[in-house]
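This report concerns only the one structure given below.
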Amino acid sequence: MHTFDGIPTQTINASWPAPASGSSGSSGASGAAVPPSPVARHIMELFAGGPLPEWDSFARSIRLVRLRAGETLFDVGVQHPFIYVVRRGTIRVGFLDASGKECLLAFCQPPDVLASVSAIAPAGVKRLAELPAGIVKVRAVGHLGHTASRAVAVDYCELERLDFRVMEQLMKRHPAWAVAMFNAVTLHSLVKERRERELLILTPEQRYRRFLEDYPDLIGVVSQKDIASYLGVTPVGLSRIASRVRKDTAGG
């Protein structure tokens with residue numbers, strides 16, 4: 001189980017039982033009451049650099065979401081103003097191309113923060129839509145208010161759901177909340193930059209080796225098709241790459 005420095009393992013891997021086989025799972029639309037020790041508080045106060053005002057009041061709006069493998073947390077094109085903190089399990093995040101094929105962007109594990117940014121864009125970003133259409137970057141704000149990606153559980157998952165509408169009001173009242181969100185968005189941007197560099201600069205084999213370093217526990221859990229999609233290669237190409245890497249490892 002992945003943990004985060006400073007957060008006890010038992011906080012992340014809390015004693016919430018997995019749903020019994022055949023039982024109904026939860027979705028992003030509904031969830032259990034706030035967990036007893038929200039991982040979100042540790043993460044958000046780490047981003048803020050100290051205690052967050054009105055946390056106890058905010059905590060009452062947190063919901064615990066449980067998903068079985070294959071269940072969807074959120075789909076493309078829906079209103080979903082929520083941020084999630086992963087407590088347990090792995091979520092895969094991807095986009096759909098014109099043919100409906102899923103292209104994987106990321107895997108999220110504890111204690112990652114997860115959201116579709118387009119669905120939680122604040123008013124300041126939405127006002128950019130008023131700028132002249134000829135500005136290239138303005139085209140990115142064309143579908144604000146709706147999700148641009150899909151998130152699906154790889155295995156049994158537990159996530160804390162935070163309502164961004166409530167957080168936005170807290171940011172207006174308290175600088176600490178604004179600092180926390182700024183740092184969260186900065187980390188998100190740094191992760192995206194790293195991912196972009198991997199796709200643009202690294203060879204397919206280098207990307208596969210990086211995947212093995214970053215997600216060794218997903219080998220044998222995630223399908224070869226999903227790994228190939230994440231790396232930007234075909235399943236056949238991935239099979240050849242994996243074979244070469246295994247030979248290199250055995251020979252080394």
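Naming works like this for the structure tokens: A, B, ... for the chains as they're shown, residue 1 at the start of each chain, ligands 1 onward in shown order.
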- [ ] Determine which residues of segment 104-168 of chain A receive a DSSP assignment of helix (DSSP H, G or I), computed from the backbone, and state them as a VMD selection string.
- [x] chain A and resid 117 to 119 123 to 130 136 to 141 164 to 168
Writer output for current selection, C-alpha atoms, as a PDB file, in the first residue's frame:
ATOM      1  CA  VAL A 117      -9.897  20.308 -14.230  1.00  0.00           C
ATOM      2  CA  SER A 118     -12.385  21.515 -16.824  1.00  0.00           C
ATOM      3  CA  ALA A 119     -15.250  20.544 -14.487  1.00  0.00           C
ATOM      4  CA  ALA A 123     -15.081  31.927 -12.515  1.00  0.00           C
ATOM      5  CA  GLY A 124     -11.808  33.668 -13.360  1.00  0.00           C
ATOM      6  CA  VAL A 125     -10.946  31.010 -15.930  1.00  0.00           C
ATOM      7  CA  LYS A 126     -14.460  31.009 -17.342  1.00  0.00           C
ATOM      8  CA  ARG A 127     -14.163  34.749 -18.062  1.00  0.00           C
ATOM      9  CA  LEU A 128     -11.332  33.949 -20.473  1.00  0.00           C
ATOM     10  CA  ALA A 129     -14.002  32.715 -22.870  1.00  0.00           C
ATOM     11  CA  GLU A 130     -14.833  36.391 -23.480  1.00  0.00           C
ATOM     12  CA  VAL A 136      -5.101  29.794 -29.346  1.00  0.00           C
ATOM     13  CA  LYS A 137      -5.063  29.038 -25.616  1.00  0.00           C
ATOM     14  CA  VAL A 138      -8.607  30.386 -25.221  1.00  0.00           C
ATOM     15  CA  ARG A 139      -9.831  27.384 -27.199  1.00  0.00           C
ATOM     16  CA  ALA A 140      -9.074  25.248 -24.132  1.00  0.00           C
ATOM     17  CA  VAL A 141     -11.969  26.865 -22.239  1.00  0.00           C
ATOM     18  CA  PHE A 164     -15.091  22.211  -5.040  1.00  0.00           C
ATOM     19  CA  ARG A 165     -18.049  24.619  -4.843  1.00  0.00           C
ATOM     20  CA  VAL A 166     -17.637  24.713  -1.071  1.00  0.00           C
ATOM     21  CA  MET A 167     -13.862  24.985  -1.373  1.00  0.00           C
ATOM     22  CA  GLU A 168     -14.179  27.926  -3.751  1.00  0.00           C
TER      23      GLU A 168
END
- [ ] For Thr249 of chain A, please output as number ranges by chain all residues within 12 Å (counting only C-alpha atoms; exclusion window: fewer than 6 positions along the same chain).
- [x] A: 209, 242-243
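Near Ala184 of chain A, within 12 Å and counting only C-alpha atoms, sit Ala40, Ile43, Met44, Glu45, Leu46, Phe47, Ala48, Gly49, Ile83, Val85, Asp112, Val113, Leu114, Ala115, Val117, Trp177, Ala178, Val179, Ala180, Met181, Leu187, His188, Ser189, Leu190 and Val191 of chain A; same-chain residues fewer than 3 positions away were not included.
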Print the selection's residues with N, CA and C atoms to a file, as a PDB file, in the first residue's frame.
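Output file result-v8.pdb is given in full below:
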ATOM      1  N   ALA A  40      -7.608  13.782   3.163  1.00  0.00           N
ATOM      2  CA  ALA A  40      -7.668  15.098   2.528  1.00  0.00           C
ATOM      3  C   ALA A  40      -7.152  16.199   3.450  1.00  0.00           C
ATOM      4  N   ILE A  43      -3.360  16.223   3.414  1.00  0.00           N
ATOM      5  CA  ILE A  43      -2.844  16.706   2.139  1.00  0.00           C
ATOM      6  C   ILE A  43      -3.070  18.207   1.980  1.00  0.00           C
ATOM      7  N   MET A  44      -4.299  18.660   2.231  1.00  0.00           N
ATOM      8  CA  MET A  44      -4.615  20.077   2.025  1.00  0.00           C
ATOM      9  C   MET A  44      -3.868  20.982   2.999  1.00  0.00           C
ATOM     10  N   GLU A  45      -3.684  20.537   4.236  1.00  0.00           N
ATOM     11  CA  GLU A  45      -2.942  21.372   5.192  1.00  0.00           C
ATOM     12  C   GLU A  45      -1.448  21.333   4.910  1.00  0.00           C
ATOM     13  N   LEU A  46      -0.982  20.255   4.287  1.00  0.00           N
ATOM     14  CA  LEU A  46       0.403  20.242   3.815  1.00  0.00           C
ATOM     15  C   LEU A  46       0.581  21.268   2.701  1.00  0.00           C
ATOM     16  N   PHE A  47      -0.371  21.326   1.773  1.00  0.00           N
ATOM     17  CA  PHE A  47      -0.334  22.329   0.713  1.00  0.00           C
ATOM     18  C   PHE A  47      -0.437  23.738   1.283  1.00  0.00           C
ATOM     19  N   ALA A  48      -1.257  23.912   2.320  1.00  0.00           N
ATOM     20  CA  ALA A  48      -1.479  25.239   2.899  1.00  0.00           C
ATOM     21  C   ALA A  48      -0.320  25.686   3.777  1.00  0.00           C
ATOM     22  N   GLY A  49       0.432  24.735   4.304  1.00  0.00           N
ATOM     23  CA  GLY A  49       1.523  25.073   5.207  1.00  0.00           C
ATOM     24  C   GLY A  49       1.068  25.269   6.639  1.00  0.00           C
ATOM     25  N   ILE A  83     -13.460  17.163  -6.270  1.00  0.00           N
ATOM     26  CA  ILE A  83     -12.055  16.766  -6.214  1.00  0.00           C
ATOM     27  C   ILE A  83     -11.984  15.520  -5.342  1.00  0.00           C
ATOM     28  N   VAL A  85      -9.478  12.599  -3.243  1.00  0.00           N
ATOM     29  CA  VAL A  85      -8.197  12.160  -2.697  1.00  0.00           C
ATOM     30  C   VAL A  85      -8.265  10.639  -2.599  1.00  0.00           C
ATOM     31  N   ASP A 112      -2.882  10.468  -4.097  1.00  0.00           N
ATOM     32  CA  ASP A 112      -3.037  11.407  -5.203  1.00  0.00           C
ATOM     33  C   ASP A 112      -4.353  12.180  -5.106  1.00  0.00           C
ATOM     34  N   VAL A 113      -4.306  13.402  -5.645  1.00  0.00           N
ATOM     35  CA  VAL A 113      -5.491  14.251  -5.758  1.00  0.00           C
ATOM     36  C   VAL A 113      -5.957  14.180  -7.203  1.00  0.00           C
ATOM     37  N   LEU A 114      -7.247  13.981  -7.396  1.00  0.00           N
ATOM     38  CA  LEU A 114      -7.793  13.678  -8.721  1.00  0.00           C
ATOM     39  C   LEU A 114      -9.029  14.522  -9.006  1.00  0.00           C
ATOM     40  N   ALA A 115      -9.101  15.064 -10.219  1.00  0.00           N
ATOM     41  CA  ALA A 115     -10.285  15.798 -10.680  1.00  0.00           C
ATOM     42  C   ALA A 115     -10.170  16.004 -12.178  1.00  0.00           C
ATOM     43  N   VAL A 117     -10.102  18.874 -14.452  1.00  0.00           N
ATOM     44  CA  VAL A 117      -9.897  20.308 -14.230  1.00  0.00           C
ATOM     45  C   VAL A 117     -10.965  21.147 -14.919  1.00  0.00           C
ATOM     46  N   TRP A 177      -6.737  28.721   2.336  1.00  0.00           N
ATOM     47  CA  TRP A 177      -7.384  27.804   1.396  1.00  0.00           C
ATOM     48  C   TRP A 177      -6.930  28.103  -0.031  1.00  0.00           C
ATOM     49  N   ALA A 178      -6.771  29.381  -0.357  1.00  0.00           N
ATOM     50  CA  ALA A 178      -6.311  29.753  -1.697  1.00  0.00           C
ATOM     51  C   ALA A 178      -4.884  29.269  -1.932  1.00  0.00           C
ATOM     52  N   VAL A 179      -4.034  29.381  -0.901  1.00  0.00           N
ATOM     53  CA  VAL A 179      -2.658  28.899  -1.011  1.00  0.00           C
ATOM     54  C   VAL A 179      -2.645  27.383  -1.221  1.00  0.00           C
ATOM     55  N   ALA A 180      -3.476  26.678  -0.473  1.00  0.00           N
ATOM     56  CA  ALA A 180      -3.540  25.220  -0.602  1.00  0.00           C
ATOM     57  C   ALA A 180      -3.913  24.822  -2.021  1.00  0.00           C
ATOM     58  N   MET A 181      -4.935  25.474  -2.585  1.00  0.00           N
ATOM     59  CA  MET A 181      -5.367  25.125  -3.935  1.00  0.00           C
ATOM     60  C   MET A 181      -4.333  25.527  -4.978  1.00  0.00           C
ATOM     61  N   LEU A 187       1.330  21.478  -8.312  1.00  0.00           N
ATOM     62  CA  LEU A 187       1.783  20.088  -8.366  1.00  0.00           C
ATOM     63  C   LEU A 187       1.167  19.369  -9.567  1.00  0.00           C
ATOM     64  N   HIS A 188      -0.118  19.601  -9.797  1.00  0.00           N
ATOM     65  CA  HIS A 188      -0.793  18.997 -10.943  1.00  0.00           C
ATOM     66  C   HIS A 188      -0.096  19.398 -12.248  1.00  0.00           C
ATOM     67  N   SER A 189       0.264  20.663 -12.362  1.00  0.00           N
ATOM     68  CA  SER A 189       0.933  21.158 -13.577  1.00  0.00           C
ATOM     69  C   SER A 189       2.312  20.517 -13.748  1.00  0.00           C
ATOM     70  N   LEU A 190       3.037  20.358 -12.636  1.00  0.00           N
ATOM     71  CA  LEU A 190       4.363  19.741 -12.704  1.00  0.00           C
ATOM     72  C   LEU A 190       4.268  18.281 -13.152  1.00  0.00           C
ATOM     73  N   VAL A 191       3.262  17.582 -12.660  1.00  0.00           N
ATOM     74  CA  VAL A 191       3.054  16.193 -13.068  1.00  0.00           C
ATOM     75  C   VAL A 191       2.743  16.125 -14.555  1.00  0.00           C
TER      76      VAL A 191
END
Open item on the list: If I take atom CA of Thr72 of chain A and atom CA of Ser223 of chain A, how far is one from the other in Å, to one decimal?
Closed with: 16.8 Å
Open item on the list: What's the separation between atom CA of Ala69 of chain A and atom CA of Tyr156 of chain A, in Å to one decimal place?
Closed with: 5.3 Å
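Considering the residues A:Gly70, A:Pro110, A:Gly145, A:Pro132 and counting only C-alpha atoms, Gly89 of chain A has its shortest atom-to-atom contact with A:Pro110.
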- [ ] Go through A:Asp97, A:Asp163, A:Glu198, A:Asp75 one by one, measure the shortest atom-to-atom distance of each to Arg63 of chain A using only C-alpha atoms, and give the residue with the smallest value.
- [x] A:Asp163
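Here atom CA of Gly237 of chain A is placed at a distance of 13.2 Å from atom CA of Gln206 of chain A.
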- [ ] Would you mind telling me which residue in A:Asp248, A:Pro81, A:Leu144, A:Val222 lies nearest to Arg161 of chain A when using only C-alpha atoms?
- [x] A:Pro81
Open item on the list: Taking 2 positions as the minimum chain separation for residues in the same chain, which residues sit within 8 Å of segment 224-235 of chain A when counting only C-alpha atoms? Answer as JSON, numbers by chain.
Closed with: {"A": [102, 103, 104, 105, 106, 199, 204, 207, 208, 222, 237, 238, 239]}
- [ ] Apply DSSP to the structure's backbone, then extract all residues of segment 88-238 of chain A labelled strand (DSSP E) and return them as a VMD selection string.
- [x] chain A and resid 88 91 to 96 102 to 108 113 to 114 150 to 153 157 to 163
For the selection you just gave me, I'd like the residues written to a file as a PDB file, in the first residue's frame, keeping C-alpha atoms.
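So the final result, stored in selection19.pdb, reads:
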ATOM      1  CA  ARG A  88      -6.872   3.008  -1.483  1.00  0.00           C
ATOM      2  CA  ILE A  91      -7.750   4.855 -10.702  1.00  0.00           C
ATOM      3  CA  ARG A  92      -6.977   5.114 -14.401  1.00  0.00           C
ATOM      4  CA  VAL A  93      -7.725   8.415 -16.144  1.00  0.00           C
ATOM      5  CA  GLY A  94      -8.110   8.801 -19.879  1.00  0.00           C
ATOM      6  CA  PHE A  95      -9.701  10.520 -22.842  1.00  0.00           C
ATOM      7  CA  LEU A  96     -11.738   9.210 -25.743  1.00  0.00           C
ATOM      8  CA  GLU A 102      -9.718   5.318 -24.702  1.00  0.00           C
ATOM      9  CA  CYS A 103      -6.287   6.941 -24.488  1.00  0.00           C
ATOM     10  CA  LEU A 104      -4.851   6.690 -20.980  1.00  0.00           C
ATOM     11  CA  LEU A 105      -3.336   9.776 -19.429  1.00  0.00           C
ATOM     12  CA  ALA A 106      -2.580   8.790 -15.844  1.00  0.00           C
ATOM     13  CA  PHE A 107      -2.824   6.291 -13.023  1.00  0.00           C
ATOM     14  CA  CYS A 108      -3.749   7.697  -9.612  1.00  0.00           C
ATOM     15  CA  VAL A 113      -5.491  14.251  -5.758  1.00  0.00           C
ATOM     16  CA  LEU A 114      -7.793  13.678  -8.721  1.00  0.00           C
ATOM     17  CA  ARG A 150     -13.002   9.598 -17.653  1.00  0.00           C
ATOM     18  CA  ALA A 151     -11.838   7.975 -14.411  1.00  0.00           C
ATOM     19  CA  VAL A 152     -12.291   4.234 -13.830  1.00  0.00           C
ATOM     20  CA  ALA A 153     -11.257   1.977 -10.940  1.00  0.00           C
ATOM     21  CA  CYS A 157     -10.833   1.837  -4.536  1.00  0.00           C
ATOM     22  CA  GLU A 158     -11.732   4.214  -1.752  1.00  0.00           C
ATOM     23  CA  LEU A 159     -11.656   7.955  -2.340  1.00  0.00           C
ATOM     24  CA  GLU A 160     -12.614  11.029  -0.374  1.00  0.00           C
ATOM     25  CA  ARG A 161     -14.863  13.326  -2.386  1.00  0.00           C
ATOM     26  CA  LEU A 162     -14.432  17.069  -1.789  1.00  0.00           C
ATOM     27  CA  ASP A 163     -16.985  19.543  -3.098  1.00  0.00           C
TER      28      ASP A 163
END
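Nearest residue to Ala121 of chain A, choosing from A:Val185, A:Val86, A:Ile135, A:Ala176 and counting only C-alpha atoms: A:Val185.
Taking only C-alpha atoms into account, Ser116 of chain A lies nearest to A:Thr147 out of the set A:Thr147, A:Arg244, A:Tyr84, A:Ser99.
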